[in-house]
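Undergrad: Here it is, the structure, as structure tokens.
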Amino acid sequence: MGIPLRIVLFVLSSLMLLACSTSVRTQPGMLRIEPVDLFAGEDKKFKPFLGVMSGAVKVSYEGKKEAIRAVFEVWENGVNTKTGKTFGELTRASNRSRYYDGQFLISVAEPDGNRAGSSQYVVTAAFVDDKGHSSYRTELAADQKHMGSGLIQLHKSVQVSEQEEAAVWGMQATDENVMYVMDFSPERLKQAKWALVVKLSAVDEE
């Protein structure tokens with residue numbers, strides 16, 4: 001039986017409150033992303049609820065944009081075939097600027113009763129800070145039945161301008177017996193049989 005959404009969100013929120021990361025001041029007009037070890041120390045007790053296809057990053061922003069947006073991309077046979085599943089979190093107002101200081105967390109699981117000829121995934125994601133959280137849940141279907149999967153992780157902090165987006169988390173899967181070492185570069189993603197990539201950016205609320 002699949003894990004209820006409320007349990008996943010509770011675990012995601014708890015991990016955000018428990019996670020420790022060094023705070024580095026973000027330059028005005030910049031979005032800073034820092035990798036977080038989701039299951040460090042005692043937090044590994046949450047791993048059975050989220051599974052191995054999970055991750056988190058710390059998100060810091062100061063500027064004029066009204067929201068932080070997550071965009072989901074699906075790559076199939078090396079081509080970006082689907083883009084546009086999005087959700088976001090509003091930034092907070094402070095004096096003449098806006099800011100956000102929280103975490104983005106994601107978990108991908110295969111539901112019970114997957115069809116024999118293809119793989120399906122349930123994606124649960126959340127923005128979480130000390131004021132609360134906003135969450136998103138969607139389902140993705142692949143044309144193939146995947147035999148293996150692996151994470152595409154962010155290994156170092158990145159900082160991008162308000163006009164850019166940053167790839168922060170991903171997973172790859174394949175119906176073959178081989179998988180390539182993968183990162184977020186277009187050159188590497190062109191080698192993926194199937195991949196999900198999440199990008200964050202600072203945007204004005206639509």
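Each chain in the structure tokens gets a letter, A, B, ..., in the order shown, and its residues are numbered from 1; ligands are numbered from 1 in order too.
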Distance table requested - region 68-123 of chain A against region 141-165 of chain A, cut-off 8 Å, only C-alpha atoms: one row per qualifying residue with the closest atom pair and its distance in Å to one decimal, ordered by chain and rising residue number, as JSON lines.

TA:
```
{"residue": "A:Ala116", "atom": "CA", "partner": "A:Lys145", "partner_atom": "CA", "distance": 7.1}
{"residue": "A:Gly117", "atom": "CA", "partner": "A:Lys145", "partner_atom": "CA", "distance": 5.5}
{"residue": "A:Ser118", "atom": "CA", "partner": "A:Lys145", "partner_atom": "CA", "distance": 4.0}
{"residue": "A:Ser119", "atom": "CA", "partner": "A:Lys145", "partner_atom": "CA", "distance": 4.8}
{"residue": "A:Gln120", "atom": "CA", "partner": "A:Ala141", "partner_atom": "CA", "distance": 4.4}
{"residue": "A:Tyr121", "atom": "CA", "partner": "A:Ala141", "partner_atom": "CA", "distance": 6.4}
```

Undergrad: Please provide as a PDB file with all heavy atoms, in the first residue's frame all residues within 12 Å of Ala93 (chain A), with the sequence filter that same-chain residues fewer than 3 positions apart are discarded (counting only C-alpha atoms).

TA:
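New file around-v1.pdb:
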```pdb
ATOM      1  N   TYR A  61      17.143  33.429  -0.835  1.00  0.00           N
ATOM      2  CA  TYR A  61      16.946  34.456  -1.865  1.00  0.00           C
ATOM      3  C   TYR A  61      16.702  35.807  -1.210  1.00  0.00           C
ATOM      4  O   TYR A  61      16.045  35.900  -0.172  1.00  0.00           O
ATOM      5  CB  TYR A  61      15.751  34.108  -2.754  1.00  0.00           C
ATOM      6  CG  TYR A  61      15.354  35.240  -3.686  1.00  0.00           C
ATOM      7  CD1 TYR A  61      16.134  35.552  -4.799  1.00  0.00           C
ATOM      8  CD2 TYR A  61      14.233  36.019  -3.428  1.00  0.00           C
ATOM      9  CE1 TYR A  61      15.785  36.606  -5.637  1.00  0.00           C
ATOM     10  CE2 TYR A  61      13.879  37.071  -4.254  1.00  0.00           C
ATOM     11  CZ  TYR A  61      14.670  37.364  -5.362  1.00  0.00           C
ATOM     12  OH  TYR A  61      14.330  38.416  -6.181  1.00  0.00           O
ATOM     13  N   GLU A  62      17.228  36.859  -1.829  1.00  0.00           N
ATOM     14  CA  GLU A  62      16.928  38.229  -1.440  1.00  0.00           C
ATOM     15  C   GLU A  62      16.875  39.067  -2.712  1.00  0.00           C
ATOM     16  O   GLU A  62      17.809  39.043  -3.524  1.00  0.00           O
ATOM     17  CB  GLU A  62      17.990  38.784  -0.499  1.00  0.00           C
ATOM     18  CG  GLU A  62      17.704  40.210  -0.043  1.00  0.00           C
ATOM     19  CD  GLU A  62      18.771  40.769   0.885  1.00  0.00           C
ATOM     20  OE1 GLU A  62      19.622  39.973   1.340  1.00  0.00           O
ATOM     21  OE2 GLU A  62      18.755  41.978   1.145  1.00  0.00           O
ATOM     22  N   GLY A  63      15.774  39.760  -2.930  1.00  0.00           N
ATOM     23  CA  GLY A  63      15.629  40.555  -4.145  1.00  0.00           C
ATOM     24  C   GLY A  63      14.225  41.101  -4.274  1.00  0.00           C
ATOM     25  O   GLY A  63      13.548  41.346  -3.278  1.00  0.00           O
ATOM     26  N   LYS A  64      13.751  41.247  -5.498  1.00  0.00           N
ATOM     27  CA  LYS A  64      12.446  41.848  -5.754  1.00  0.00           C
ATOM     28  C   LYS A  64      11.413  40.850  -6.272  1.00  0.00           C
ATOM     29  O   LYS A  64      10.239  41.202  -6.433  1.00  0.00           O
ATOM     30  CB  LYS A  64      12.588  43.009  -6.748  1.00  0.00           C
ATOM     31  CG  LYS A  64      13.477  44.146  -6.237  1.00  0.00           C
ATOM     32  CD  LYS A  64      13.511  45.305  -7.215  1.00  0.00           C
ATOM     33  CE  LYS A  64      14.402  46.428  -6.702  1.00  0.00           C
ATOM     34  NZ  LYS A  64      13.925  46.993  -5.409  1.00  0.00           N
ATOM     35  N   LYS A  65      11.807  39.632  -6.563  1.00  0.00           N
ATOM     36  CA  LYS A  65      10.877  38.649  -7.109  1.00  0.00           C
ATOM     37  C   LYS A  65       9.886  38.184  -6.041  1.00  0.00           C
ATOM     38  O   LYS A  65      10.212  38.103  -4.860  1.00  0.00           O
ATOM     39  CB  LYS A  65      11.626  37.458  -7.691  1.00  0.00           C
ATOM     40  CG  LYS A  65      12.539  37.823  -8.868  1.00  0.00           C
ATOM     41  CD  LYS A  65      11.748  38.376 -10.040  1.00  0.00           C
ATOM     42  CE  LYS A  65      12.652  38.637 -11.242  1.00  0.00           C
ATOM     43  NZ  LYS A  65      11.894  39.168 -12.402  1.00  0.00           N
ATOM     44  N   GLU A  66       8.675  37.826  -6.491  1.00  0.00           N
ATOM     45  CA  GLU A  66       7.589  37.548  -5.566  1.00  0.00           C
ATOM     46  C   GLU A  66       7.472  36.083  -5.155  1.00  0.00           C
ATOM     47  O   GLU A  66       6.741  35.759  -4.216  1.00  0.00           O
ATOM     48  CB  GLU A  66       6.259  37.997  -6.198  1.00  0.00           C
ATOM     49  CG  GLU A  66       6.216  39.503  -6.488  1.00  0.00           C
ATOM     50  CD  GLU A  66       4.988  39.893  -7.293  1.00  0.00           C
ATOM     51  OE1 GLU A  66       4.415  39.004  -7.968  1.00  0.00           O
ATOM     52  OE2 GLU A  66       4.604  41.070  -7.240  1.00  0.00           O
ATOM     53  N   ALA A  67       8.165  35.187  -5.863  1.00  0.00           N
ATOM     54  CA  ALA A  67       7.999  33.766  -5.558  1.00  0.00           C
ATOM     55  C   ALA A  67       9.226  32.972  -5.984  1.00  0.00           C
ATOM     56  O   ALA A  67      10.006  33.409  -6.841  1.00  0.00           O
ATOM     57  CB  ALA A  67       6.754  33.213  -6.265  1.00  0.00           C
ATOM     58  N   LEU A  90       5.607  31.760  -2.148  1.00  0.00           N
ATOM     59  CA  LEU A  90       5.775  33.204  -2.123  1.00  0.00           C
ATOM     60  C   LEU A  90       6.963  33.604  -1.256  1.00  0.00           C
ATOM     61  O   LEU A  90       7.224  32.987  -0.212  1.00  0.00           O
ATOM     62  CB  LEU A  90       4.506  33.876  -1.597  1.00  0.00           C
ATOM     63  CG  LEU A  90       3.242  33.737  -2.454  1.00  0.00           C
ATOM     64  CD1 LEU A  90       2.077  34.441  -1.768  1.00  0.00           C
ATOM     65  CD2 LEU A  90       3.465  34.297  -3.841  1.00  0.00           C
ATOM     66  N   ARG A  96      12.367  47.167   1.689  1.00  0.00           N
ATOM     67  CA  ARG A  96      12.118  47.403   0.267  1.00  0.00           C
ATOM     68  C   ARG A  96      12.385  46.186  -0.600  1.00  0.00           C
ATOM     69  O   ARG A  96      12.259  46.250  -1.817  1.00  0.00           O
ATOM     70  CB  ARG A  96      12.998  48.562  -0.213  1.00  0.00           C
ATOM     71  CG  ARG A  96      12.669  49.892   0.446  1.00  0.00           C
ATOM     72  CD  ARG A  96      13.535  50.990  -0.134  1.00  0.00           C
ATOM     73  NE  ARG A  96      13.217  52.283   0.468  1.00  0.00           N
ATOM     74  CZ  ARG A  96      13.840  53.424   0.147  1.00  0.00           C
ATOM     75  NH1 ARG A  96      14.801  53.420  -0.773  1.00  0.00           N
ATOM     76  NH2 ARG A  96      13.491  54.546   0.739  1.00  0.00           N
ATOM     77  N   SER A  97      12.771  45.082   0.010  1.00  0.00           N
ATOM     78  CA  SER A  97      13.082  43.876  -0.772  1.00  0.00           C
ATOM     79  C   SER A  97      12.240  42.705  -0.276  1.00  0.00           C
ATOM     80  O   SER A  97      11.459  42.821   0.664  1.00  0.00           O
ATOM     81  CB  SER A  97      14.574  43.540  -0.656  1.00  0.00           C
ATOM     82  OG  SER A  97      14.896  43.199   0.678  1.00  0.00           O
ATOM     83  N   ARG A  98      12.411  41.572  -0.930  1.00  0.00           N
ATOM     84  CA  ARG A  98      11.729  40.340  -0.542  1.00  0.00           C
ATOM     85  C   ARG A  98      12.787  39.261  -0.315  1.00  0.00           C
ATOM     86  O   ARG A  98      13.909  39.364  -0.823  1.00  0.00           O
ATOM     87  CB  ARG A  98      10.743  39.903  -1.625  1.00  0.00           C
ATOM     88  CG  ARG A  98       9.678  40.958  -1.940  1.00  0.00           C
ATOM     89  CD  ARG A  98       8.670  40.455  -2.932  1.00  0.00           C
ATOM     90  NE  ARG A  98       7.850  39.394  -2.361  1.00  0.00           N
ATOM     91  CZ  ARG A  98       6.732  39.605  -1.657  1.00  0.00           C
ATOM     92  NH1 ARG A  98       6.306  40.838  -1.436  1.00  0.00           N
ATOM     93  NH2 ARG A  98       6.034  38.577  -1.188  1.00  0.00           N
ATOM     94  N   TYR A  99      12.431  38.240   0.442  1.00  0.00           N
ATOM     95  CA  TYR A  99      13.418  37.212   0.749  1.00  0.00           C
ATOM     96  C   TYR A  99      12.726  35.873   0.939  1.00  0.00           C
ATOM     97  O   TYR A  99      11.516  35.792   1.159  1.00  0.00           O
ATOM     98  CB  TYR A  99      14.197  37.575   2.023  1.00  0.00           C
ATOM     99  CG  TYR A  99      13.372  37.438   3.295  1.00  0.00           C
ATOM    100  CD1 TYR A  99      13.408  36.257   4.050  1.00  0.00           C
ATOM    101  CD2 TYR A  99      12.545  38.468   3.732  1.00  0.00           C
ATOM    102  CE1 TYR A  99      12.648  36.124   5.198  1.00  0.00           C
ATOM    103  CE2 TYR A  99      11.788  38.341   4.882  1.00  0.00           C
ATOM    104  CZ  TYR A  99      11.837  37.163   5.607  1.00  0.00           C
ATOM    105  OH  TYR A  99      11.067  37.025   6.736  1.00  0.00           O
ATOM    106  N   TYR A 100      13.523  34.812   0.829  1.00  0.00           N
ATOM    107  CA  TYR A 100      13.067  33.469   1.167  1.00  0.00           C
ATOM    108  C   TYR A 100      14.239  32.720   1.773  1.00  0.00           C
ATOM    109  O   TYR A 100      15.359  32.787   1.261  1.00  0.00           O
ATOM    110  CB  TYR A 100      12.549  32.696  -0.061  1.00  0.00           C
ATOM    111  CG  TYR A 100      12.007  31.341   0.316  1.00  0.00           C
ATOM    112  CD1 TYR A 100      10.748  31.213   0.878  1.00  0.00           C
ATOM    113  CD2 TYR A 100      12.769  30.188   0.153  1.00  0.00           C
ATOM    114  CE1 TYR A 100      10.244  29.978   1.262  1.00  0.00           C
ATOM    115  CE2 TYR A 100      12.274  28.946   0.528  1.00  0.00           C
ATOM    116  CZ  TYR A 100      11.013  28.851   1.080  1.00  0.00           C
ATOM    117  OH  TYR A 100      10.520  27.628   1.467  1.00  0.00           O
ATOM    118  N   ASP A 101      13.983  31.998   2.859  1.00  0.00           N
ATOM    119  CA  ASP A 101      15.014  31.210   3.525  1.00  0.00           C
ATOM    120  C   ASP A 101      14.368  29.925   4.025  1.00  0.00           C
ATOM    121  O   ASP A 101      13.689  29.911   5.051  1.00  0.00           O
ATOM    122  CB  ASP A 101      15.622  31.997   4.686  1.00  0.00           C
ATOM    123  CG  ASP A 101      16.837  31.287   5.288  1.00  0.00           C
ATOM    124  OD1 ASP A 101      17.378  30.374   4.629  1.00  0.00           O
ATOM    125  OD2 ASP A 101      17.236  31.632   6.410  1.00  0.00           O
TER     126      ASP A 101
END
```

Undergrad: At a cut-off of 8 Å, using only C-alpha atoms, what residues contact Phe127 (chain A)? Leave out same-chain residues fewer than 6 positions from it and give the result as JSON, numbers by chain.

TA: {"A": [88, 89, 102, 103, 104, 105, 133, 134, 135]}

Undergrad: Have a look at A:Asn77, A:Thr83, A:Ser201, A:Tyr180 and name the one nearest to Ala166 (chain A); count only C-alpha atoms.

TA: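 Of A:Asn77, A:Thr83, A:Ser201, A:Tyr180, the one nearest Ala166 (chain A), counting only C-alpha atoms, is A:Ser201.
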
Undergrad: Skip Trp194 (chain A) itself and residues of its chain fewer than 6 positions away, then list as a list in words all residues within 9 Å of it, counting only C-alpha atoms.

TA: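 Here the answer would be Val74, Trp75, Glu76, Asn77, Gly78, Val79, Ala142, His146, Met171, Gln172, Ala173, Thr174 and Asp175 of chain A.
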
Undergrad: Between A:Ser94, A:Ser185, A:Ser54, A:Gln27, which has the minimum distance to Ala126 (chain A) (counting only C-alpha atoms)?

TA: A:Ser54

Undergrad: Please report the interatomic distance between CA of Glu176 (chain A) and CA of Glu110 (chain A) in Å with one decimal.

TA: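 Rounded to one decimal, the two atoms are 18.1 Å apart.
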
Undergrad: With only C-alpha atoms as the atoms that count, which of A:Lys193, A:Ala167, A:Asn80, A:Lys131 lies nearest to Pro35 (chain A)?

TA: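 For Pro35 (chain A), the nearest of the given residues is A:Ala167.
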
Undergrad: Report, in Å with one decimal, the straight-line distance from CA of Val178 (chain A) to CA of Leu196 (chain A).

TA: 17.5 Å

Undergrad: May I ask which of the residues A:Asn177, A:Lys85, A:Phe72, A:Lys58 is the closest one to Asp129 (chain A), counting only C-alpha atoms?

TA: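 Using only C-alpha atoms, the shortest distance to Asp129 (chain A) belongs to A:Lys58.
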
Undergrad: For Phe87 (chain A), which residue out of A:Lys199, A:Ala70, A:Pro28, A:Gly55 is the nearest one, using only C-alpha atoms?

TA: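 Among the listed residues, A:Ala70 lies closest to Phe87 (chain A).
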
Undergrad: If you run DSSP on the backbone here, which positions in region 91-186 of chain A get strand (DSSP E or B)? Please write them as number ranges by chain.

TA: A: 92-94, 97-109, 120-129, 132-141, 148-153, 158-161, 165-174

Undergrad: So how far away is CA of Thr124 (chain A) from CA of Leu31 (chain A), in Å?

TA: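 Separation of CA of Leu31 (chain A) and CA of Thr124 (chain A): 22.6 Å.
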